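J.: Coordinates in input_35.txt, compact mmCIF, C-alpha atoms and all ligand atoms, are listed below.
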# COMPACT_ATOMS: atom_id res chain seq x y z
CA MET A 1 119.58 93.20 65.41
CA ARG A 2 122.89 94.15 67.03
CA ASN A 3 123.38 97.67 68.37
CA TYR A 4 126.60 99.47 67.52
CA PHE A 5 128.92 99.95 70.50
CA ILE A 6 131.55 102.71 70.24
CA ALA A 7 134.12 102.85 73.04
CA GLY A 8 137.02 105.20 73.73
CA ASN A 9 140.12 103.77 75.38
CA TRP A 10 142.00 106.78 76.69
CA LYS A 11 145.02 104.65 77.67
CA MET A 12 147.58 106.45 79.90
CA HIS A 13 146.51 109.96 78.96
CA LYS A 14 144.89 112.92 80.71
CA THR A 15 144.91 114.51 84.12
CA ARG A 16 141.61 114.66 85.98
CA ALA A 17 140.89 118.17 84.70
CA GLU A 18 141.62 117.17 81.10
CA ALA A 19 139.54 114.01 81.44
CA ALA A 20 136.62 115.99 82.89
CA ASP A 21 136.76 118.47 80.00
CA LEU A 22 136.64 115.68 77.42
CA ALA A 23 133.88 113.80 79.25
CA LYS A 24 131.78 116.98 79.46
CA ALA A 25 132.18 117.64 75.75
CA LEU A 26 131.24 114.04 74.90
CA ALA A 27 128.23 114.04 77.22
CA ALA A 28 126.93 117.17 75.50
CA GLU A 29 127.68 116.09 71.93
CA LEU A 30 126.59 112.46 72.18
CA LYS A 31 123.37 112.98 74.08
CA ASP A 32 121.38 112.50 70.89
CA GLY A 33 123.69 109.73 69.64
CA LYS A 34 122.02 106.51 68.58
CA HIS A 35 124.61 103.95 69.58
CA LYS A 36 125.95 102.47 72.82
CA TYR A 37 128.90 104.48 74.18
CA LEU A 38 131.66 103.96 76.72
CA VAL A 39 134.74 105.87 77.82
CA ALA A 40 137.63 104.22 79.66
CA PRO A 41 139.88 106.76 81.40
CA SER A 42 142.85 105.90 83.59
CA PHE A 43 142.07 104.67 87.11
CA THR A 44 143.06 108.08 88.46
CA ALA A 45 140.30 109.83 86.50
CA LEU A 46 137.51 107.26 86.94
CA GLU A 47 135.81 109.07 89.79
CA THR A 48 135.98 112.44 88.03
CA VAL A 49 134.73 111.12 84.70
CA GLY A 50 132.14 108.97 86.45
CA ALA A 51 130.60 112.07 88.01
CA VAL A 52 130.34 113.68 84.55
CA VAL A 53 128.84 110.71 82.67
CA LYS A 54 126.48 109.58 85.43
CA GLY A 55 122.92 109.65 84.12
CA THR A 56 124.07 110.14 80.51
CA ASN A 57 124.14 107.60 77.66
CA ILE A 58 127.90 107.10 78.15
CA MET A 59 129.06 104.16 80.23
CA LEU A 60 132.09 104.29 82.51
CA GLY A 61 134.77 101.70 81.79
CA ALA A 62 138.14 100.76 83.24
CA GLN A 63 141.13 99.68 81.17
CA ASN A 64 142.22 96.75 83.34
CA MET A 65 141.72 95.22 86.79
CA SER A 66 143.36 92.73 89.09
CA SER A 67 142.62 89.02 88.74
CA GLU A 68 142.22 88.91 92.53
CA GLU A 69 139.26 90.25 94.46
CA GLN A 70 141.31 91.89 97.22
CA GLY A 71 144.39 91.37 99.37
CA ALA A 72 148.14 91.83 99.30
CA HIS A 73 148.57 92.88 95.65
CA THR A 74 150.63 96.05 95.67
CA GLY A 75 149.84 98.36 92.79
CA GLU A 76 146.77 96.47 91.58
CA VAL A 77 143.17 97.71 91.45
CA SER A 78 140.31 95.40 92.38
CA VAL A 79 136.90 94.81 90.92
CA LEU A 80 135.36 95.95 94.22
CA GLN A 81 137.23 99.25 94.02
CA LEU A 82 136.14 99.75 90.42
CA LYS A 83 132.52 99.08 91.26
CA ASP A 84 132.79 101.51 94.17
CA LEU A 85 133.68 104.20 91.59
CA GLY A 86 130.66 103.40 89.45
CA VAL A 87 132.56 101.45 86.80
CA GLU A 88 130.19 99.41 84.65
CA ALA A 89 132.57 97.68 82.26
CA VAL A 90 136.23 96.71 82.01
CA ILE A 91 138.55 96.26 79.03
CA LEU A 92 140.52 93.03 79.46
CA GLY A 93 143.24 91.38 77.41
CA HIS A 94 144.25 94.53 75.56
CA SER A 95 147.30 93.83 73.40
CA GLU A 96 149.34 96.31 75.44
CA ARG A 97 148.55 94.18 78.52
CA ARG A 98 149.28 90.95 76.64
CA HIS A 99 152.53 91.99 74.98
CA THR A 100 154.08 94.75 77.12
CA TYR A 101 152.93 93.40 80.49
CA LYS A 102 153.00 89.70 79.54
CA GLU A 103 149.44 88.84 80.52
CA ASP A 104 148.57 85.37 79.28
CA ASP A 105 145.24 83.82 78.38
CA ALA A 106 144.88 82.09 81.77
CA LEU A 107 145.31 85.37 83.67
CA ILE A 108 142.96 87.20 81.32
CA ASN A 109 140.36 84.44 81.72
CA LYS A 110 140.59 84.77 85.50
CA LYS A 111 139.95 88.51 85.21
CA VAL A 112 137.05 87.97 82.77
CA LYS A 113 135.33 85.55 85.16
CA LEU A 114 135.89 87.79 88.18
CA ALA A 115 134.49 90.85 86.39
CA LEU A 116 131.43 88.93 85.21
CA ARG A 117 130.85 87.41 88.65
CA HIS A 118 130.65 90.97 90.01
CA GLY A 119 128.18 92.08 87.37
CA LEU A 120 130.49 94.14 85.17
CA GLU A 121 130.41 94.10 81.40
CA VAL A 122 133.64 92.96 79.75
CA ILE A 123 135.32 94.03 76.53
CA LEU A 124 137.66 91.13 75.75
CA CYS A 125 140.36 92.16 73.28
CA VAL A 126 141.90 89.69 70.86
CA GLY A 127 144.22 90.19 67.92
CA GLU A 128 147.29 88.94 66.12
CA LEU A 129 150.80 90.35 65.77
CA LEU A 130 152.09 91.25 62.31
CA GLU A 131 154.32 88.16 62.17
CA GLU A 132 151.38 85.98 63.14
CA ARG A 133 149.30 87.46 60.30
CA GLU A 134 152.16 87.07 57.82
CA ALA A 135 152.54 83.43 58.86
CA GLY A 136 148.85 82.87 58.08
CA ASN A 137 147.92 82.45 61.74
CA ALA A 138 145.59 85.41 62.35
CA GLU A 139 142.47 83.25 62.69
CA LYS A 140 144.17 80.69 64.89
CA VAL A 141 145.54 83.35 67.27
CA CYS A 142 142.15 85.06 67.58
CA GLU A 143 140.43 81.70 68.09
CA THR A 144 142.78 80.68 70.88
CA GLN A 145 142.49 84.06 72.63
CA THR A 146 138.69 83.91 72.35
CA VAL A 147 138.32 80.30 73.50
CA GLU A 148 140.82 80.63 76.37
CA GLY A 149 139.57 84.06 77.41
CA LEU A 150 136.00 82.76 77.68
CA LYS A 151 136.84 79.41 79.30
CA ASP A 152 134.14 78.51 81.86
CA VAL A 153 132.08 81.62 81.05
CA SER A 154 128.40 80.67 81.01
CA ALA A 155 126.05 81.44 78.14
CA ALA A 156 124.11 83.77 80.46
CA ASP A 157 127.27 85.71 81.32
CA LEU A 158 128.31 85.90 77.68
CA ALA A 159 125.48 88.38 77.19
CA ARG A 160 127.69 90.90 79.08
CA VAL A 161 130.76 90.25 76.93
CA THR A 162 131.85 92.25 73.90
CA ILE A 163 134.79 91.03 71.82
CA ALA A 164 137.15 93.65 70.41
CA TYR A 165 139.25 92.51 67.45
CA GLU A 166 142.38 94.65 67.53
CA PRO A 167 145.11 93.52 65.13
CA VAL A 168 148.26 94.57 66.97
CA TRP A 169 149.90 95.89 63.80
CA ALA A 170 147.04 98.37 63.35
CA ILE A 171 147.13 99.88 66.84
CA GLY A 172 148.48 103.41 66.91
CA THR A 173 150.21 102.91 63.57
CA GLY A 174 147.76 104.58 61.21
CA LYS A 175 147.47 101.21 59.40
CA THR A 176 143.89 100.04 59.54
CA ALA A 177 142.84 96.58 58.50
CA THR A 178 140.79 96.91 55.33
CA PRO A 179 137.07 96.61 56.05
CA GLU A 180 137.13 93.29 54.15
CA ASP A 181 140.06 91.84 56.13
CA ALA A 182 138.56 92.97 59.43
CA ASP A 183 135.15 91.59 58.53
CA ALA A 184 136.68 88.22 57.65
CA ILE A 185 138.24 87.91 61.10
CA HIS A 186 135.05 89.14 62.77
CA ALA A 187 133.09 86.47 60.89
CA TYR A 188 135.62 83.88 61.98
CA ILE A 189 135.36 84.95 65.64
CA ARG A 190 131.55 84.90 65.37
CA GLY A 191 131.90 81.32 64.16
CA VAL A 192 134.05 80.48 67.17
CA ILE A 193 131.34 81.88 69.46
CA GLY A 194 128.80 79.79 67.54
CA LYS A 195 130.79 76.62 68.16
CA LEU A 196 131.10 77.42 71.86
CA TYR A 197 127.64 78.85 72.61
CA GLY A 198 125.37 78.19 69.64
CA ASP A 199 123.93 80.20 66.77
CA ASP A 200 121.87 82.70 68.78
CA ALA A 201 124.86 83.70 70.89
CA ALA A 202 126.95 84.07 67.73
CA GLU A 203 124.29 86.23 66.13
CA ASN A 204 123.95 88.46 69.20
CA ILE A 205 127.55 88.98 70.31
CA ILE A 206 128.94 92.45 69.64
CA ILE A 207 132.35 92.40 67.96
CA GLN A 208 134.14 95.76 67.87
CA TYR A 209 137.05 96.58 65.60
CA GLY A 210 140.02 98.50 67.02
CA GLY A 211 143.20 99.79 65.39
CA SER A 212 143.57 103.26 63.89
CA VAL A 213 139.83 103.88 63.64
CA LYS A 214 139.29 107.46 62.48
CA ALA A 215 136.36 109.55 61.32
CA ASP A 216 137.24 108.87 57.70
CA ASN A 217 137.29 105.06 57.93
CA ALA A 218 134.66 104.40 60.62
CA ALA A 219 131.62 104.30 58.35
CA GLN A 220 133.21 101.84 55.88
CA LEU A 221 134.25 99.55 58.72
CA MET A 222 130.83 99.74 60.43
CA ALA A 223 129.07 98.98 57.15
CA LYS A 224 130.48 95.46 57.21
CA GLU A 225 128.10 92.76 58.32
CA ASN A 226 130.18 91.48 61.22
CA ILE A 227 131.61 94.76 62.55
CA ASP A 228 129.40 96.03 65.36
CA GLY A 229 131.34 98.92 66.77
CA ALA A 230 134.77 100.32 67.49
CA LEU A 231 137.31 100.44 70.29
CA VAL A 232 139.09 103.70 69.62
CA GLY A 233 142.48 104.79 71.00
CA GLY A 234 144.18 107.90 69.62
CA ALA A 235 141.08 109.39 68.04
CA ALA A 236 139.19 109.01 71.34
CA LEU A 237 141.36 111.64 73.03
CA LYS A 238 139.59 114.65 71.54
CA ALA A 239 135.87 115.31 71.17
CA GLU A 240 136.36 116.58 67.64
CA THR A 241 137.89 113.30 66.50
CA PHE A 242 135.76 110.91 68.61
CA VAL A 243 132.32 112.42 68.07
CA PRO A 244 132.29 111.89 64.28
CA ILE A 245 133.22 108.23 64.85
CA ALA A 246 130.59 107.86 67.55
CA LYS A 247 128.01 109.45 65.28
CA PHE A 248 129.03 107.72 62.04
CA ASN A 249 126.28 107.02 59.60
P1 LIG A 301 144.40 103.38 68.13
O1 LIG A 301 142.98 103.79 67.78
O2 LIG A 301 145.22 104.52 68.65
O3 LIG A 301 145.04 102.63 67.02
O4 LIG A 301 144.27 102.36 69.38
C1 LIG A 301 143.41 101.30 69.29
C2 LIG A 301 143.34 100.64 70.62
O5 LIG A 301 144.29 100.03 71.09
C3 LIG A 301 142.09 100.79 71.38
O6 LIG A 301 142.07 99.93 72.48
I'd like the structure from this file rewritten - as structure tokens, please.
Ligand code: 13P
T.:
Amino acid sequence: MRNYFIAGNWKMHKTRAEAADLAKALAAELKDGKHKYLVAPSFTALETVGAVVKGTNIMLGAQNMSSEEQGAHTGEVSVLQLKDLGVEAVILGHSERRHTYKEDDALINKKVKLALRHGLEVILCVGELLEEREAGNAEKVCETQTVEGLKDVSAADLARVTIAYEPVWAIGTGKTATPEDADAIHAYIRGVIGKLYGDDAAENIIIQYGGSVKADNAAQLMAKENIDGALVGGAALKAETFVPIAKFN
């Protein structure tokens, strides 16, 4: 039985005071929530939000990290620095990192392995562009990103990996994949995990959907067999829009 995992990616939003206010509201409103929860504020608010969610049922996540452990990497943030702030998980391979900041599968794989080696959980994002979907390549793109992102990741470490399927055309656009279309890709990705790691791993891996998840579509998406949670952007920025998603039923 897979547990639902609902995560909020706050992207480049919120000052420390704003982030603390949201984290406090979520800690209060989700304390009786049944699912697994995570919030990923900007680096600048990690310490502040970490102090609020410590000891609650909400995990602290980062939105990215360096592929290097430490050293002369101006402007980067290391896994050691994240762990020092109490970070428990990191989002890697987000489409905004892939497409705006030109991160490729090899770099993302290096980050995935480094995060896992240091005991963090990883949310590995995969997803196709609109033109890739229209060309009939959605499965192929997600397969390549999954296989390359997990290259040399052991079966034991895979237990700390969540996959987030985020079709790029659905992010921040208000266009959600239909529950059926999303479920089909999730099933395909689960099959890819099965080929790489076997049936048990495929059965157990959590695959989140991301892309314009809102209170009014969350329950239909989550009802699908292969959709095990959500990675939420815009609707994660306010308690009144995130809590109903986090408490869908
Ligand atoms: P939106 O929910 O704003 O579409 O963003 C999804 C996303 O990119 C989460 O990582």
J.: Do you know which residues are at most 7 Å from stretch 100-107 of chain A counting all atoms listed in the file, after dropping those on the same chain fewer than 6 positions away, and could you put them as a list in words?
T.: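 With the cut-off at 7 Å, the set is Ser67, Gln145, Glu148 and Gly149 of chain A.
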J.: Using all atoms listed in the file, I'd like a table of the residues in chain A that come within 7 Å of ligand LIG 301 (chain A); for each, show the closest atom pair and its distance in Å rounded to one decimal, ordered by chain and ascending number, as JSON lines.
T.:
{"residue": "A:Asn9", "atom": "CA", "partner": "A:LIG301", "partner_atom": "O6", "distance": 5.2}
{"residue": "A:His94", "atom": "CA", "partner": "A:LIG301", "partner_atom": "O6", "distance": 6.6}
{"residue": "A:Glu166", "atom": "CA", "partner": "A:LIG301", "partner_atom": "O5", "distance": 6.7}
{"residue": "A:Ala170", "atom": "CA", "partner": "A:LIG301", "partner_atom": "O3", "distance": 6.0}
{"residue": "A:Ile171", "atom": "CA", "partner": "A:LIG301", "partner_atom": "O3", "distance": 3.5}
{"residue": "A:Gly172", "atom": "CA", "partner": "A:LIG301", "partner_atom": "O3", "distance": 3.5}
{"residue": "A:Thr173", "atom": "CA", "partner": "A:LIG301", "partner_atom": "O3", "distance": 6.2}
{"residue": "A:Gly174", "atom": "CA", "partner": "A:LIG301", "partner_atom": "O3", "distance": 6.7}
{"residue": "A:Gly210", "atom": "CA", "partner": "A:LIG301", "partner_atom": "C1", "distance": 4.9}
{"residue": "A:Gly211", "atom": "CA", "partner": "A:LIG301", "partner_atom": "O3", "distance": 3.8}
{"residue": "A:Ser212", "atom": "CA", "partner": "A:LIG301", "partner_atom": "O3", "distance": 3.5}
{"residue": "A:Val213", "atom": "CA", "partner": "A:LIG301", "partner_atom": "O1", "distance": 5.2}
{"residue": "A:Leu231", "atom": "CA", "partner": "A:LIG301", "partner_atom": "C3", "distance": 4.9}
{"residue": "A:Val232", "atom": "CA", "partner": "A:LIG301", "partner_atom": "O1", "distance": 4.3}
{"residue": "A:Gly233", "atom": "CA", "partner": "A:LIG301", "partner_atom": "O1", "distance": 3.4}
{"residue": "A:Gly234", "atom": "CA", "partner": "A:LIG301", "partner_atom": "O2", "distance": 3.7}
{"residue": "A:Ala235", "atom": "CA", "partner": "A:LIG301", "partner_atom": "O1", "distance": 5.9}
J.: Rank A:Val90, A:Thr48, A:Val122, A:His35 by their smallest atom-to-atom distance to A:Asp21, using all atoms listed in the file, and report the top residue only.
T.: A:Thr48
J.: Rounded to one decimal, what separation in Å do you get between atom CA of A:Met222 and atom CA of A:Ala89?
T.: 22.0 Å
J.: Write out as a ChimeraX atom specification each polymer residue whose atoms come within 10 Å of A:Asp84, counting only C-alpha atoms; drop sequence neighbours fewer than 5 positions from it.
T.: /A:47,78-79
J.: Taking only C-alpha atoms into account, which of A:Ser95, A:Lys151, A:Lys247, A:Ala159 comes nearest A:Glu128?
T.: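 Counting only C-alpha atoms, the residue closest to A:Glu128 is A:Ser95.
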J.: Can you tell me how far atom CA of A:Gly93 sits from atom CA of A:Ala25, in Å to one decimal?
T.: 28.5 Å
J.: How far is it from atom CA of A:Ala184 to atom CA of A:His99, in Å with one decimal?
T.: 23.8 Å
J.: What lies within 8 Å of A:Leu22 using only C-alpha atoms, ignoring chain neighbours under 3 positions off, as a VMD selection string?
T.: chain A and resid 18 to 19 25 to 26 237 to 239
J.: Name the residues in contact with A:Leu120 at a cut-off of 12 Å, using all atoms listed in the file, excluding same-chain residues fewer than 4 positions from it; report them as a VMD selection string.
T.: chain A and resid 59 to 62 65 79 to 80 82 to 84 86 to 92 111 to 116 157 to 162
J.: For A:Phe248, which residue among A:Ile123, A:Ala236, A:Ala223, A:Ala135 is the nearest when counting all atoms listed in the file?
T.: A:Ala223
J.: Looking at all atoms listed in the file, which of A:Leu124, A:Gly33, A:Thr15, A:Gly71 is the one that sits closest to A:Val147?
T.: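 Residue with the minimum atom-to-atom distance to A:Val147: A:Leu124.
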J.: So, counting only C-alpha atoms, which residue among A:Ala23, A:Lys54, A:Tyr4, A:His13 is closest to A:Lys224?
T.: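 Counting only C-alpha atoms, the residue closest to A:Lys224 is A:Tyr4.
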J.: Which is closest to A:Asn204 among A:Asp228, A:Ile245, A:Asp181, A:Gln220, if we use only C-alpha atoms?
T.: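 Nearest to A:Asn204: A:Asp228.
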J.: Would you save stretch 111-154 of chain A from the block above with N, CA and C atoms, as a PDB file, in the first residue's frame?
T.:
ATOM      1  N   LYS A 111      23.596  14.927  -9.046  1.00  0.00           N
ATOM      2  CA  LYS A 111      22.950  15.509  -7.865  1.00  0.00           C
ATOM      3  C   LYS A 111      22.146  14.448  -7.106  1.00  0.00           C
ATOM      4  N   VAL A 112      21.418  13.614  -7.853  1.00  0.00           N
ATOM      5  CA  VAL A 112      20.597  12.566  -7.226  1.00  0.00           C
ATOM      6  C   VAL A 112      21.491  11.667  -6.370  1.00  0.00           C
ATOM      7  N   LYS A 113      22.600  11.217  -6.949  1.00  0.00           N
ATOM      8  CA  LYS A 113      23.487  10.297  -6.228  1.00  0.00           C
ATOM      9  C   LYS A 113      24.114  10.961  -5.007  1.00  0.00           C
ATOM     10  N   LEU A 114      24.485  12.238  -5.149  1.00  0.00           N
ATOM     11  CA  LEU A 114      25.100  12.953  -4.027  1.00  0.00           C
ATOM     12  C   LEU A 114      24.090  13.116  -2.885  1.00  0.00           C
ATOM     13  N   ALA A 115      22.870  13.481  -3.225  1.00  0.00           N
ATOM     14  CA  ALA A 115      21.834  13.665  -2.200  1.00  0.00           C
ATOM     15  C   ALA A 115      21.572  12.341  -1.470  1.00  0.00           C
ATOM     16  N   LEU A 116      21.470  11.261  -2.240  1.00  0.00           N
ATOM     17  CA  LEU A 116      21.187   9.960  -1.627  1.00  0.00           C
ATOM     18  C   LEU A 116      22.362   9.509  -0.764  1.00  0.00           C
ATOM     19  N   ARG A 117      23.572   9.751  -1.236  1.00  0.00           N
ATOM     20  CA  ARG A 117      24.765   9.352  -0.467  1.00  0.00           C
ATOM     21  C   ARG A 117      24.784  10.057   0.896  1.00  0.00           C
ATOM     22  N   HIS A 118      24.204  11.243   0.962  1.00  0.00           N
ATOM     23  CA  HIS A 118      24.174  11.989   2.220  1.00  0.00           C
ATOM     24  C   HIS A 118      22.874  11.783   2.993  1.00  0.00           C
ATOM     25  N   GLY A 119      22.083  10.817   2.558  1.00  0.00           N
ATOM     26  CA  GLY A 119      20.919  10.426   3.360  1.00  0.00           C
ATOM     27  C   GLY A 119      19.658  11.228   3.115  1.00  0.00           C
ATOM     28  N   LEU A 120      19.680  12.118   2.133  1.00  0.00           N
ATOM     29  CA  LEU A 120      18.462  12.888   1.847  1.00  0.00           C
ATOM     30  C   LEU A 120      17.476  12.043   1.040  1.00  0.00           C
ATOM     31  N   GLU A 121      16.211  12.401   1.110  1.00  0.00           N
ATOM     32  CA  GLU A 121      15.240  11.894   0.156  1.00  0.00           C
ATOM     33  C   GLU A 121      15.313  12.768  -1.093  1.00  0.00           C
ATOM     34  N   VAL A 122      14.930  12.208  -2.221  1.00  0.00           N
ATOM     35  CA  VAL A 122      14.970  12.930  -3.496  1.00  0.00           C
ATOM     36  C   VAL A 122      13.596  12.875  -4.154  1.00  0.00           C
ATOM     37  N   ILE A 123      13.143  14.024  -4.642  1.00  0.00           N
ATOM     38  CA  ILE A 123      12.008  14.040  -5.570  1.00  0.00           C
ATOM     39  C   ILE A 123      12.596  14.320  -6.945  1.00  0.00           C
ATOM     40  N   LEU A 124      12.611  13.319  -7.797  1.00  0.00           N
ATOM     41  CA  LEU A 124      13.166  13.458  -9.150  1.00  0.00           C
ATOM     42  C   LEU A 124      12.034  13.786 -10.115  1.00  0.00           C
ATOM     43  N   CYS A 125      12.114  14.980 -10.711  1.00  0.00           N
ATOM     44  CA  CYS A 125      11.049  15.424 -11.617  1.00  0.00           C
ATOM     45  C   CYS A 125      11.359  15.001 -13.049  1.00  0.00           C
ATOM     46  N   VAL A 126      10.347  14.528 -13.730  1.00  0.00           N
ATOM     47  CA  VAL A 126      10.452  14.193 -15.147  1.00  0.00           C
ATOM     48  C   VAL A 126       9.214  14.752 -15.842  1.00  0.00           C
ATOM     49  N   GLY A 127       9.311  14.939 -17.145  1.00  0.00           N
ATOM     50  CA  GLY A 127       8.117  15.416 -17.859  1.00  0.00           C
ATOM     51  C   GLY A 127       8.465  15.968 -19.219  1.00  0.00           C
ATOM     52  N   GLU A 128       7.500  15.863 -20.133  1.00  0.00           N
ATOM     53  CA  GLU A 128       7.746  16.229 -21.526  1.00  0.00           C
ATOM     54  C   GLU A 128       7.257  17.644 -21.833  1.00  0.00           C
ATOM     55  N   LEU A 129       7.873  18.247 -22.838  1.00  0.00           N
ATOM     56  CA  LEU A 129       7.406  19.523 -23.390  1.00  0.00           C
ATOM     57  C   LEU A 129       6.171  19.265 -24.253  1.00  0.00           C
ATOM     58  N   LEU A 130       5.428  20.339 -24.549  1.00  0.00           N
ATOM     59  CA  LEU A 130       4.239  20.188 -25.391  1.00  0.00           C
ATOM     60  C   LEU A 130       4.590  19.589 -26.760  1.00  0.00           C
ATOM     61  N   GLU A 131       5.677  20.083 -27.360  1.00  0.00           N
ATOM     62  CA  GLU A 131       6.021  19.557 -28.703  1.00  0.00           C
ATOM     63  C   GLU A 131       6.430  18.089 -28.636  1.00  0.00           C
ATOM     64  N   GLU A 132       7.012  17.695 -27.523  1.00  0.00           N
ATOM     65  CA  GLU A 132       7.369  16.280 -27.376  1.00  0.00           C
ATOM     66  C   GLU A 132       6.107  15.413 -27.243  1.00  0.00           C
ATOM     67  N   ARG A 133       5.118  15.921 -26.505  1.00  0.00           N
ATOM     68  CA  ARG A 133       3.846  15.189 -26.400  1.00  0.00           C
ATOM     69  C   ARG A 133       3.169  15.115 -27.769  1.00  0.00           C
ATOM     70  N   GLU A 134       3.127  16.258 -28.464  1.00  0.00           N
ATOM     71  CA  GLU A 134       2.436  16.278 -29.762  1.00  0.00           C
ATOM     72  C   GLU A 134       3.112  15.378 -30.786  1.00  0.00           C
ATOM     73  N   ALA A 135       4.425  15.178 -30.614  1.00  0.00           N
ATOM     74  CA  ALA A 135       5.144  14.286 -31.530  1.00  0.00           C
ATOM     75  C   ALA A 135       5.032  12.821 -31.098  1.00  0.00           C
ATOM     76  N   GLY A 136       4.260  12.575 -30.034  1.00  0.00           N
ATOM     77  CA  GLY A 136       4.076  11.186 -29.588  1.00  0.00           C
ATOM     78  C   GLY A 136       5.226  10.659 -28.754  1.00  0.00           C
ATOM     79  N   ASN A 137       6.037  11.570 -28.198  1.00  0.00           N
ATOM     80  CA  ASN A 137       7.244  11.140 -27.490  1.00  0.00           C
ATOM     81  C   ASN A 137       7.181  11.279 -25.970  1.00  0.00           C
ATOM     82  N   ALA A 138       5.996  11.487 -25.409  1.00  0.00           N
ATOM     83  CA  ALA A 138       5.912  11.725 -23.961  1.00  0.00           C
ATOM     84  C   ALA A 138       6.527  10.561 -23.168  1.00  0.00           C
ATOM     85  N   GLU A 139       6.150   9.347 -23.521  1.00  0.00           N
ATOM     86  CA  GLU A 139       6.669   8.189 -22.773  1.00  0.00           C
ATOM     87  C   GLU A 139       8.189   8.106 -22.878  1.00  0.00           C
ATOM     88  N   LYS A 140       8.664   8.257 -24.102  1.00  0.00           N
ATOM     89  CA  LYS A 140      10.108   8.121 -24.358  1.00  0.00           C
ATOM     90  C   LYS A 140      10.898   9.153 -23.546  1.00  0.00           C
ATOM     91  N   VAL A 141      10.408  10.401 -23.538  1.00  0.00           N
ATOM     92  CA  VAL A 141      11.106  11.465 -22.799  1.00  0.00           C
ATOM     93  C   VAL A 141      11.140  11.131 -21.306  1.00  0.00           C
ATOM     94  N   CYS A 142       9.988  10.711 -20.777  1.00  0.00           N
ATOM     95  CA  CYS A 142       9.923  10.392 -19.339  1.00  0.00           C
ATOM     96  C   CYS A 142      10.790   9.174 -19.017  1.00  0.00           C
ATOM     97  N   GLU A 143      10.827   8.224 -19.939  1.00  0.00           N
ATOM     98  CA  GLU A 143      11.665   7.032 -19.714  1.00  0.00           C
ATOM     99  C   GLU A 143      13.142   7.421 -19.654  1.00  0.00           C
ATOM    100  N   THR A 144      13.570   8.210 -20.623  1.00  0.00           N
ATOM    101  CA  THR A 144      14.986   8.607 -20.648  1.00  0.00           C
ATOM    102  C   THR A 144      15.344   9.391 -19.386  1.00  0.00           C
ATOM    103  N   GLN A 145      14.490  10.348 -19.006  1.00  0.00           N
ATOM    104  CA  GLN A 145      14.794  11.158 -17.815  1.00  0.00           C
ATOM    105  C   GLN A 145      14.821  10.296 -16.555  1.00  0.00           C
ATOM    106  N   THR A 146      13.961   9.277 -16.509  1.00  0.00           N
ATOM    107  CA  THR A 146      13.934   8.388 -15.341  1.00  0.00           C
ATOM    108  C   THR A 146      15.180   7.492 -15.317  1.00  0.00           C
ATOM    109  N   VAL A 147      15.457   6.858 -16.451  1.00  0.00           N
ATOM    110  CA  VAL A 147      16.598   5.926 -16.516  1.00  0.00           C
ATOM    111  C   VAL A 147      17.906   6.680 -16.265  1.00  0.00           C
ATOM    112  N   GLU A 148      18.079   7.810 -16.933  1.00  0.00           N
ATOM    113  CA  GLU A 148      19.343   8.559 -16.788  1.00  0.00           C
ATOM    114  C   GLU A 148      19.446   9.210 -15.410  1.00  0.00           C
ATOM    115  N   GLY A 149      18.333   9.675 -14.894  1.00  0.00           N
ATOM    116  CA  GLY A 149      18.354  10.308 -13.568  1.00  0.00           C
ATOM    117  C   GLY A 149      18.705   9.327 -12.461  1.00  0.00           C
ATOM    118  N   LEU A 150      18.336   8.065 -12.673  1.00  0.00           N
ATOM    119  CA  LEU A 150      18.560   7.035 -11.638  1.00  0.00           C
ATOM    120  C   LEU A 150      19.774   6.167 -11.930  1.00  0.00           C
ATOM    121  N   LYS A 151      20.556   6.523 -12.942  1.00  0.00           N
ATOM    122  CA  LYS A 151      21.716   5.701 -13.308  1.00  0.00           C
ATOM    123  C   LYS A 151      22.614   5.485 -12.089  1.00  0.00           C
ATOM    124  N   ASP A 152      22.968   4.228 -11.834  1.00  0.00           N
ATOM    125  CA  ASP A 152      23.844   3.851 -10.718  1.00  0.00           C
ATOM    126  C   ASP A 152      23.247   4.133  -9.336  1.00  0.00           C
ATOM    127  N   VAL A 153      21.958   4.293  -9.266  1.00  0.00           N
ATOM    128  CA  VAL A 153      21.280   4.380  -7.951  1.00  0.00           C
ATOM    129  C   VAL A 153      20.895   2.957  -7.546  1.00  0.00           C
ATOM    130  N   SER A 154      21.275   2.567  -6.332  1.00  0.00           N
ATOM    131  CA  SER A 154      21.023   1.194  -5.889  1.00  0.00           C
ATOM    132  C   SER A 154      19.550   0.991  -5.544  1.00  0.00           C
TER     133      SER A 154
END
